[in-house]
Structures are given as C-alpha cells and as structure tokens.
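Shown below: start.cif, with mmCIF, C-alpha atoms and all ligand atoms.
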data_my_file
#
loop_
_atom_site.label_atom_id
_atom_site.label_comp_id
_atom_site.auth_asym_id
_atom_site.auth_seq_id
_atom_site.Cartn_x
_atom_site.Cartn_y
_atom_site.Cartn_z
CA MET A 474 17.86 12.95 20.91
CA SER A 475 18.69 11.98 17.32
CA LYS A 476 20.26 14.53 15.00
CA PRO A 477 17.89 16.60 12.84
CA LEU A 478 17.39 15.25 9.35
CA ARG A 479 19.33 17.40 6.86
CA ILE A 480 17.03 18.33 3.99
CA GLY A 481 18.16 19.78 0.66
CA ILE A 482 15.74 21.03 -2.00
CA VAL A 483 16.34 20.91 -5.77
CA GLY A 484 14.09 23.33 -7.61
CA CYS A 485 13.11 26.58 -5.88
CA GLY A 486 9.90 27.28 -7.78
CA ALA A 487 6.34 27.17 -6.46
CA ILE A 488 6.55 23.76 -4.73
CA GLY A 489 10.19 23.96 -3.59
CA THR A 490 9.58 27.37 -2.02
CA SER A 491 6.44 26.23 -0.17
CA LEU A 492 8.14 23.10 1.14
CA ALA A 493 11.28 24.98 2.18
CA LYS A 494 9.15 27.38 4.25
CA ILE A 495 7.29 24.46 5.88
CA VAL A 496 10.56 22.68 6.78
CA VAL A 497 11.98 25.84 8.39
CA ARG A 498 8.76 26.88 10.12
CA ASP A 499 7.09 23.62 11.15
CA PHE A 500 9.79 20.95 11.33
CA LYS A 501 12.57 22.80 13.11
CA LYS A 502 12.90 20.27 15.94
CA LYS A 503 13.21 17.29 13.63
CA ALA A 504 14.78 18.63 10.45
CA GLN A 505 17.13 21.28 9.20
CA LEU A 506 17.05 22.86 5.76
CA THR A 507 20.69 22.65 4.71
CA ALA A 508 20.83 23.38 0.98
CA LEU A 509 18.93 24.85 -1.94
CA TYR A 510 19.78 24.38 -5.59
CA ASP A 511 18.12 25.65 -8.75
CA ILE A 512 19.47 25.82 -12.31
CA ASP A 513 18.20 29.38 -12.18
CA GLU A 514 20.63 30.73 -9.56
CA HIS A 515 18.50 33.79 -8.96
CA LYS A 516 15.70 31.59 -7.56
CA SER A 517 17.85 29.66 -5.09
CA ARG A 518 19.62 32.86 -4.01
CA THR A 519 16.34 34.67 -3.43
CA LEU A 520 14.87 31.80 -1.41
CA SER A 521 18.09 31.43 0.56
CA ARG A 522 17.91 35.13 1.51
CA ILE A 523 14.27 34.87 2.58
CA LEU A 524 14.88 31.84 4.77
CA SER A 525 18.23 32.47 6.32
CA LYS A 526 19.87 35.81 6.97
CA LYS A 527 23.23 34.50 8.16
CA GLU A 528 23.48 31.08 6.62
CA LYS A 529 23.91 30.64 2.92
CA LEU A 530 21.65 27.81 1.89
CA GLN A 531 22.24 28.24 -1.83
CA VAL A 532 24.69 25.75 -3.33
CA GLN A 533 26.17 25.69 -6.82
CA GLY A 534 25.21 22.24 -8.05
CA LEU A 535 23.49 18.94 -7.36
CA LYS A 536 26.68 17.33 -6.07
CA ALA A 537 27.09 19.97 -3.35
CA LEU A 538 23.40 19.72 -2.45
CA ILE A 539 23.58 15.94 -2.04
CA ALA A 540 26.71 16.24 0.10
CA ALA A 541 24.83 18.57 2.47
CA SER A 542 21.66 16.45 2.74
CA ASP A 543 20.37 13.22 4.25
CA LEU A 544 17.18 13.64 2.24
CA VAL A 545 16.78 15.50 -1.04
CA VAL A 546 13.43 16.94 -2.10
CA GLU A 547 13.17 16.97 -5.89
CA ALA A 548 10.83 19.77 -7.03
CA SER A 549 12.31 20.60 -10.43
CA SER A 550 10.94 19.07 -13.63
CA ALA A 551 9.85 15.74 -15.07
CA THR A 552 12.86 15.68 -17.40
CA ALA A 553 15.34 16.16 -14.57
CA ALA A 554 13.65 14.00 -11.90
CA PHE A 555 15.05 10.55 -12.71
CA GLY A 556 18.64 11.79 -13.09
CA ILE A 557 18.43 13.65 -9.78
CA ALA A 558 17.01 10.57 -8.00
CA GLN A 559 19.77 8.45 -9.55
CA GLU A 560 22.55 10.73 -8.22
CA VAL A 561 20.98 10.92 -4.76
CA LEU A 562 20.53 7.14 -4.47
CA LYS A 563 24.06 6.45 -5.73
CA LYS A 564 25.28 8.34 -2.67
CA GLY A 565 23.04 6.28 -0.37
CA ARG A 566 20.77 9.21 0.47
CA GLU A 567 16.98 9.45 0.42
CA VAL A 568 14.88 11.33 -2.12
CA LEU A 569 11.31 12.63 -2.10
CA ILE A 570 10.13 13.03 -5.68
CA MET A 571 7.55 15.63 -6.71
CA SER A 572 7.97 15.36 -10.52
CA VAL A 573 6.38 11.92 -10.49
CA GLY A 574 5.72 11.95 -14.24
CA GLY A 575 9.49 11.73 -14.75
CA VAL A 576 9.87 8.48 -12.81
CA ALA A 577 6.54 6.66 -13.34
CA GLY A 578 7.27 3.35 -15.07
CA ARG A 579 10.90 3.34 -13.86
CA GLU A 580 10.21 1.87 -10.41
CA LYS A 581 12.40 -1.22 -10.99
CA GLU A 582 15.45 0.89 -11.83
CA LEU A 583 14.88 3.02 -8.73
CA ALA A 584 14.49 -0.08 -6.56
CA VAL A 585 17.82 -1.48 -7.80
CA LEU A 586 19.54 1.81 -6.94
CA CYS A 587 17.88 1.89 -3.50
CA ARG A 588 19.08 -1.63 -2.66
CA ARG A 589 22.68 -0.91 -3.66
CA ARG A 590 23.29 1.79 -1.03
CA GLU A 591 20.25 1.50 1.27
CA GLY A 592 18.66 4.57 -0.28
CA ARG A 593 14.96 5.27 -0.19
CA VAL A 594 12.43 6.95 -2.47
CA TYR A 595 9.32 8.74 -1.18
CA ILE A 596 6.46 9.60 -3.53
CA PRO A 597 3.70 11.66 -1.88
CA SER A 598 0.06 11.07 -2.85
CA GLY A 599 -0.21 14.60 -4.31
CA ALA A 600 -3.56 16.12 -5.17
CA ILE A 601 -5.52 12.83 -5.18
CA CYS A 602 -7.00 10.61 -2.47
CA GLY A 603 -7.19 6.84 -2.26
CA ILE A 604 -3.54 5.84 -2.66
CA ASP A 605 -3.67 4.24 0.82
CA ALA A 606 -6.58 1.97 -0.15
CA LEU A 607 -5.17 1.33 -3.63
CA LYS A 608 -1.95 -0.02 -2.11
CA ALA A 609 -3.99 -2.31 0.12
CA VAL A 610 -6.39 -3.68 -2.50
CA LYS A 611 -3.48 -4.26 -4.87
CA LEU A 612 -2.76 -7.22 -2.60
CA SER A 613 -6.13 -8.67 -3.71
CA GLN A 614 -7.15 -8.78 -7.35
CA LEU A 615 -7.02 -5.26 -8.72
CA ASN A 616 -9.26 -5.04 -11.79
CA ASN A 617 -9.63 -1.42 -12.72
CA VAL A 618 -8.26 2.00 -11.74
CA THR A 619 -9.73 5.16 -13.28
CA LEU A 620 -8.88 8.80 -12.71
CA ILE A 621 -11.53 11.35 -13.70
CA THR A 622 -10.20 14.89 -13.74
CA THR A 623 -12.67 17.76 -14.05
CA LYS A 624 -11.53 21.33 -14.56
CA HIS A 625 -12.94 24.58 -15.85
CA PRO A 626 -12.55 24.84 -19.66
CA SER A 627 -10.19 27.83 -19.22
CA SER A 628 -7.68 25.48 -17.52
CA PHE A 629 -7.08 23.81 -20.89
CA LYS A 630 -6.10 26.99 -22.75
CA GLY A 631 -2.97 26.43 -24.81
CA VAL A 632 -3.11 22.61 -24.61
CA LYS A 633 -2.00 21.36 -28.04
CA TYR A 634 -4.31 18.32 -27.98
CA ILE A 635 -7.31 20.65 -27.66
CA GLN A 636 -6.09 22.77 -30.56
CA ARG A 637 -5.51 19.67 -32.71
CA LYS A 638 -9.02 18.41 -31.97
CA ARG A 639 -10.36 21.89 -32.86
CA ILE A 640 -12.26 22.15 -29.58
CA ASP A 641 -13.45 25.68 -28.90
CA LEU A 642 -13.18 25.95 -25.11
CA GLU A 643 -15.29 29.11 -24.98
CA LYS A 644 -18.23 27.31 -26.57
CA ILE A 645 -18.40 24.58 -23.91
CA LYS A 646 -21.69 25.16 -22.05
CA SER A 647 -22.05 21.82 -20.23
CA ASP A 648 -19.67 19.03 -19.11
CA LYS A 649 -17.63 17.79 -22.07
CA LEU A 650 -15.41 14.70 -22.13
CA LEU A 651 -12.17 15.92 -23.67
CA PHE A 652 -10.19 12.72 -23.38
CA SER A 653 -10.55 9.07 -22.41
CA GLY A 654 -7.61 6.69 -22.65
CA THR A 655 -4.65 5.26 -20.76
CA ALA A 656 -2.56 7.23 -18.27
CA GLU A 657 0.33 6.83 -20.70
CA GLN A 658 -1.58 8.71 -23.43
CA ALA A 659 -3.05 11.21 -20.96
CA VAL A 660 0.33 12.46 -19.75
CA LYS A 661 1.42 12.99 -23.36
CA PHE A 662 -1.64 15.04 -24.29
CA PHE A 663 -2.28 16.73 -20.92
CA PRO A 664 1.14 17.30 -19.31
CA GLN A 665 -0.49 19.23 -16.43
CA ASN A 666 -2.11 15.93 -15.37
CA ILE A 667 1.22 14.14 -15.43
CA ASN A 668 1.76 13.86 -11.68
CA VAL A 669 -1.66 12.64 -10.53
CA ALA A 670 -1.79 10.10 -13.36
CA GLY A 671 1.80 9.07 -12.57
CA ILE A 672 1.16 8.55 -8.85
CA LEU A 673 -1.99 6.53 -9.49
CA SER A 674 -0.22 4.38 -12.10
CA MET A 675 2.74 3.69 -9.83
CA ALA A 676 0.51 2.67 -6.92
CA GLY A 677 -1.89 0.62 -9.05
CA LEU A 678 -1.87 -1.00 -12.48
CA GLY A 679 0.87 0.96 -14.28
CA LYS A 680 0.61 3.62 -16.99
CA GLY A 681 -0.65 1.28 -19.72
CA LYS A 682 -3.56 -0.11 -17.70
CA THR A 683 -4.73 2.92 -15.71
CA THR A 684 -7.65 4.73 -17.32
CA VAL A 685 -7.86 8.53 -17.39
CA LYS A 686 -10.86 10.64 -18.35
CA ILE A 687 -10.60 14.42 -18.62
CA ILE A 688 -13.71 16.58 -18.46
CA ALA A 689 -14.10 20.30 -19.09
CA SER A 690 -16.91 21.67 -16.93
CA PRO A 691 -18.05 25.32 -16.98
CA ALA A 692 -19.48 24.70 -13.48
CA ALA A 693 -16.13 23.58 -12.01
CA GLN A 694 -14.67 26.16 -9.65
CA ARG A 695 -11.98 23.81 -8.40
CA ASN A 696 -9.72 21.15 -9.93
CA ILE A 697 -11.49 17.90 -9.14
CA HIS A 698 -9.81 14.48 -9.18
CA GLU A 699 -12.03 11.44 -8.72
CA VAL A 700 -10.49 8.01 -8.37
CA ARG A 701 -12.46 4.79 -8.93
CA ILE A 702 -10.86 1.52 -7.93
CA GLU A 703 -12.40 -1.90 -8.52
CA SER A 704 -10.90 -4.95 -6.89
CA SER A 705 -11.88 -8.31 -5.44
CA ALA A 706 -11.62 -6.76 -1.94
CA ALA A 707 -13.54 -3.51 -2.37
CA THR A 708 -14.81 -0.87 -4.75
CA ILE A 709 -13.40 2.50 -3.76
CA VAL A 710 -14.45 5.93 -4.96
CA THR A 711 -12.66 9.09 -3.82
CA ARG A 712 -13.05 12.73 -4.81
CA ALA A 713 -10.70 15.64 -4.08
CA GLU A 714 -11.92 19.15 -4.88
CA ASN A 715 -8.70 21.08 -4.94
CA LEU A 716 -8.17 24.71 -4.05
CA LEU A 717 -5.10 26.46 -5.28
CA HIS A 718 -2.24 27.12 -2.88
CA PRO A 719 -2.78 30.50 -1.18
CA ASP A 720 0.83 31.58 -1.89
CA ASN A 721 1.29 29.75 -5.20
CA PRO A 722 -1.75 29.89 -7.49
CA LYS A 723 0.03 27.55 -9.93
CA THR A 724 -0.37 24.49 -7.75
CA SER A 725 -2.94 22.60 -5.67
CA TYR A 726 -2.74 23.28 -1.96
CA LEU A 727 -3.25 19.57 -1.28
CA ALA A 728 -0.21 18.59 -3.40
CA VAL A 729 2.07 20.74 -1.24
CA LEU A 730 0.48 19.59 2.03
CA SER A 731 0.71 15.98 0.93
CA ALA A 732 4.47 16.35 0.42
CA ALA A 733 4.79 18.06 3.82
CA ALA A 734 2.80 15.22 5.43
CA ALA A 735 5.04 12.66 3.71
CA LEU A 736 8.09 14.42 5.18
CA LYS A 737 6.46 14.63 8.61
CA GLN A 738 5.75 10.90 8.53
CA ILE A 739 9.48 10.23 8.25
CA PHE A 740 10.04 11.74 11.72
CA GLU A 741 7.01 10.17 13.41
CA PRO A 742 7.40 7.01 15.47
CA ILE A 743 3.78 6.02 14.76
CA ARG A 744 2.66 5.55 11.16
CA ILE A 745 -1.02 5.97 10.51
CA GLY A 746 -2.52 4.64 7.31
CA THR A 747 -1.11 2.16 4.86
N1 LIG B 1 3.42 15.40 -7.17
C1 LIG B 1 2.55 16.39 -7.21
O1 LIG B 1 1.46 16.30 -6.65
C2 LIG B 1 2.90 17.66 -7.93
C3 LIG B 1 2.03 18.75 -7.90
C4 LIG B 1 2.40 19.91 -8.59
C5 LIG B 1 3.61 19.96 -9.26
N2 LIG B 1 4.42 18.85 -9.27
C6 LIG B 1 5.70 18.84 -9.99
O2 LIG B 1 6.71 19.39 -9.15
C7 LIG B 1 7.70 20.03 -9.97
C8 LIG B 1 7.89 21.46 -9.49
O3 LIG B 1 6.67 22.15 -9.65
P1 LIG B 1 6.59 23.74 -9.48
O4 LIG B 1 5.16 24.11 -9.61
O5 LIG B 1 7.35 24.12 -8.26
O6 LIG B 1 7.39 24.22 -10.79
P2 LIG B 1 8.16 25.62 -10.99
O7 LIG B 1 8.32 25.76 -12.46
O8 LIG B 1 7.50 26.70 -10.22
O9 LIG B 1 9.59 25.36 -10.32
C9 LIG B 1 10.52 24.44 -10.82
C10 LIG B 1 11.91 24.97 -10.49
O10 LIG B 1 12.86 23.93 -10.78
C11 LIG B 1 13.97 24.54 -11.44
N3 LIG B 1 14.63 23.48 -12.22
C12 LIG B 1 14.21 22.93 -13.38
N4 LIG B 1 15.06 21.96 -13.76
C13 LIG B 1 16.04 21.91 -12.82
C14 LIG B 1 17.20 21.11 -12.66
N5 LIG B 1 17.54 20.18 -13.55
N6 LIG B 1 17.98 21.31 -11.57
C15 LIG B 1 17.65 22.27 -10.66
N7 LIG B 1 16.57 23.06 -10.76
C16 LIG B 1 15.77 22.87 -11.83
C17 LIG B 1 13.41 25.67 -12.26
O11 LIG B 1 14.39 26.65 -12.56
C18 LIG B 1 12.31 26.19 -11.33
O12 LIG B 1 12.78 27.21 -10.48
C19 LIG B 1 7.20 19.94 -11.42
O13 LIG B 1 7.81 18.87 -12.08
C20 LIG B 1 5.72 19.69 -11.26
O14 LIG B 1 5.17 18.96 -12.34
C21 LIG B 1 4.09 17.74 -8.61
#
Could you render the structure from this file as structure tokens?
Amino acid sequence: MSKPLRIGIVGCGAIGTSLAKIVVRDFKKKAQLTALYDIDEHKSRTLSRILSKKEKLQVQGLKALIAASDLVVEASSATAAFGIAQEVLKKGREVLIMSVGGVAGREKELAVLCRRREGRVYIPSGAICGIDALKAVKLSQLNNVTLITTKHPSSFKGVKYIQRKRIDLEKIKSDKLLFSGTAEQAVKFFPQNINVAGILSMAGLGKGKTTVKIIASPAAQRNIHEVRIESSAATIVTRAENLLHPDNPKTSYLAVLSAAAALKQIFEPIRIGT
C-alpha cells in the first residue's frame, strides 16, 4: 500500500477548517493532515487542538508547512495565493489553490514553476458547474462564456461599487442588473465574486474575454451562478443554486465540497469526468 499523502493547510479560516475536518474524518486511509499554518497563530492553534489531541499540527511558518507536506492546500487570501503557490512549487510539491482570484491570469508563470520541479497545481471548480464541459469545448471553437450571478440585494451591502452608483439596495423590488462587463472588471468591483469569475476565466477565455453579469433579486434565497457557454461543439447552460455551508455561513457548501472532491480525485485510480 502506498504511503498516505501528507497534506498541509495554509489558512485556518472557514474553508481551511472545513477541509481540514474532511481530510481527518473522510480521507484517513489515503491522506494524513500533517501541518496547519495561519498568520493568525490563534486560528491554527485552535484548529490543531480540535483535530489532534496529542499531535501538534500547528507550524510557525510556510517553510515548515511545506517541509511537512506533499500537497499544500492554500485557503488564505487572494493577495497571498500566488506567493504561496510559488514557494510550494519551488520545492517540487503540489498545491491546491482556493484563492483563485489571486492566480487567475498567471497560469503561464505557474506552469513554468510546475515544469521545473514536477510540481502540480489543482484548482477546484468551486461554486459553479460546467467547468468539465468548458474544458472540453475549448478544444473546439469557444465563442462566448458568460457568468450570471444572482443574489439577494442584502448580499451587496457595503460593496463600494454599489455606493458609488448610488444604488439603494432596499428599494430594489424586482430583479435588477447591477453590473455587466468583463470578469476582469467584475472582480475589481465585486471582490466576493472573485473566485467563480477567476475559475471560469482560467478554464475558458481568460479574464478579459469572459462576460460577467450580476443581478440583485429580492426573490433569491440562494446564491445562484449560471454559466452559459457557446462553442462550435455545443451550447451549454448550467445553474448552481448554492446553499451556505452548514458550519460556515460565510461560504457556499458546494465550494468546500468541490475542493474535497478535487482532493479525493487525487487518490482515486479511476477519474470520472474531464
Ligand atoms: N475557490 C472557491 O470556490 C472559493 C470559495 C470561497 C472562498 N474562496 C477563497 O478561499 C480563501 C479562504 O476563504 P475563507 O472563507 O476560509 O476565508 P477566511 O477569512 O475565513 O480565512 C482565511 C484565513 O487565512 C489566513 N491568512 C490570510 N493570509 C494568510 C497568509 N499569507 N498566510 C497564512 N494565513 C493567512 C487568515 O488569518 C484567515 O484565518 C479566500 O481567498 C476566499 O476568497 C474560494
């Protein structure tokens, strides 16, 4: 039997905590959680205590975490993501990136780093569907990729773009298009959409050519992401109606499960889907 994959997690917030619990609970035959690191020491210490009474999973820095891991899960922030991936790949390890907004558009640099030391980067599909088909039809002529995100108006409270446009969220009584533009612009104005737009851009036409529309709907009880793909092989329309994670109301349940499924796929001898 091959040795369990040593997994280290950087960022012990909502996503890092959920994934750490899944690794310990569901993947114990195939993987071992070996290290946790957070710039906020209190968070990594607390999670380490919850998950392991005897072992100390908390480490003091990224270097120590990489040394203890075959695969690093990045669940920190968009600003830190590329630097973390860079350090992991320089050591010839693998990295699963959650803060996709921090690496979207930098695929070539990551690929160069991967080739140098046989590293690998995994980017889960997150809270959207259709990445499998998008990857396939990209091999034909891919003409158009659009993400339509619909959320309750209250989800946009505090967004500076909304304040600048003087949109009164409380007065929205029917579906209102808040934004239509490129993924590149969307992630600037709506940072909470940064990951879905980033994943779609990386898999498809890039940030400059992927269209994003953002709708505020008083009827929306879930965060809805629709993806429309037009290509010479097929027209594809997908829709994910996302519930929040039962333990972490800050994040979509599907985003966490998608990362867990991406990890699971690494151990499986049979790969299903593109
Ligand atoms: N890909 C997806 O589908 C998806 C979905 C939701 C969130 N995300 C992204 O995943 C990341 C984590 O999300 P979250 O909800 O867990 O956030 P969070 O704020 O709950 O947790 C982030 C943690 O990372 C720590 N951190 C920040 N910078 C760090 C650094 N340089 N080194 C070590 N630790 C650092 C913080 O102290 C915090 O504890 C975010 O970037 C978020 O945008 C991705």
In terms of all atoms listed in the file, the residue from A:Ile604, A:Val660, A:Ala732, A:Leu678 at minimal distance from ligand LIG 1 (chain B) is A:Ala732
What does the distance between atom O11 of ligand LIG 1 (chain B) and CA of Ala676 in chain A come to in Å, to one decimal place?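 Between atom O11 of ligand LIG 1 (chain B) and CA of Ala676 in chain A the gap is 28.3 Å.
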Taking into account all atoms listed in the file, which residue in the set A:Gly575, A:Gly489, A:Pro719, A:Gly671 is nearest to Leu620 in chain A?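 Ranking A:Gly575, A:Gly489, A:Pro719, A:Gly671 by distance to Leu620 in chain A, first place goes to A:Gly671.
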I want to know what sits within 7 Å of range 525-539 of chain A, based on all atoms listed in the file, with residues of the same chain fewer than 2 positions away left out; could you give that as a list in words? Gly481, Thr507, Ala508, Leu509, Tyr510, Ser517, Arg518, Ser521, Arg522, Ile523, Ala541, Ser542, Val545 and Val561 of chain A
Using all atoms listed in the file, what are the residues with an atom within 9 Å of ligand LIG 1 (chain B), set out as a PyMOL selection string? chain A and resi 482-491+510-517+534-535+547-554+556-557+570-575+596-601+664-669+671-672+721+723-729+731-732
Could you put an axis-aligned box around every listed atom of range 531-546 of chain A, padded by 4 Å on each side, and send me its centre and edge lengths in Å to one decimal, as lines of an AutoDock Vina configuration file?
center_x = 20.3
center_y = 20.7
center_z = -1.9
size_x = 21.7
size_y = 23.0
size_z = 20.3
CA of His698 in chain A to CA of Phe662 in chain A measures 17.2 Å
Within 10 Å of (14.0, 5.4, -12.1) in the file's own coordinates, which protein, DNA or RNA residues have an atom, counting only C-alpha atoms? List them as a list in words.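 The answer, in the requested form, is Ala554, Phe555, Gly556, Ile557, Ala558, Gln559, Gly575, Val576, Ala577, Gly578, Arg579, Glu580, Lys581, Glu582, Leu583, Ala584, Val585, Leu586 and Val594 of chain A.
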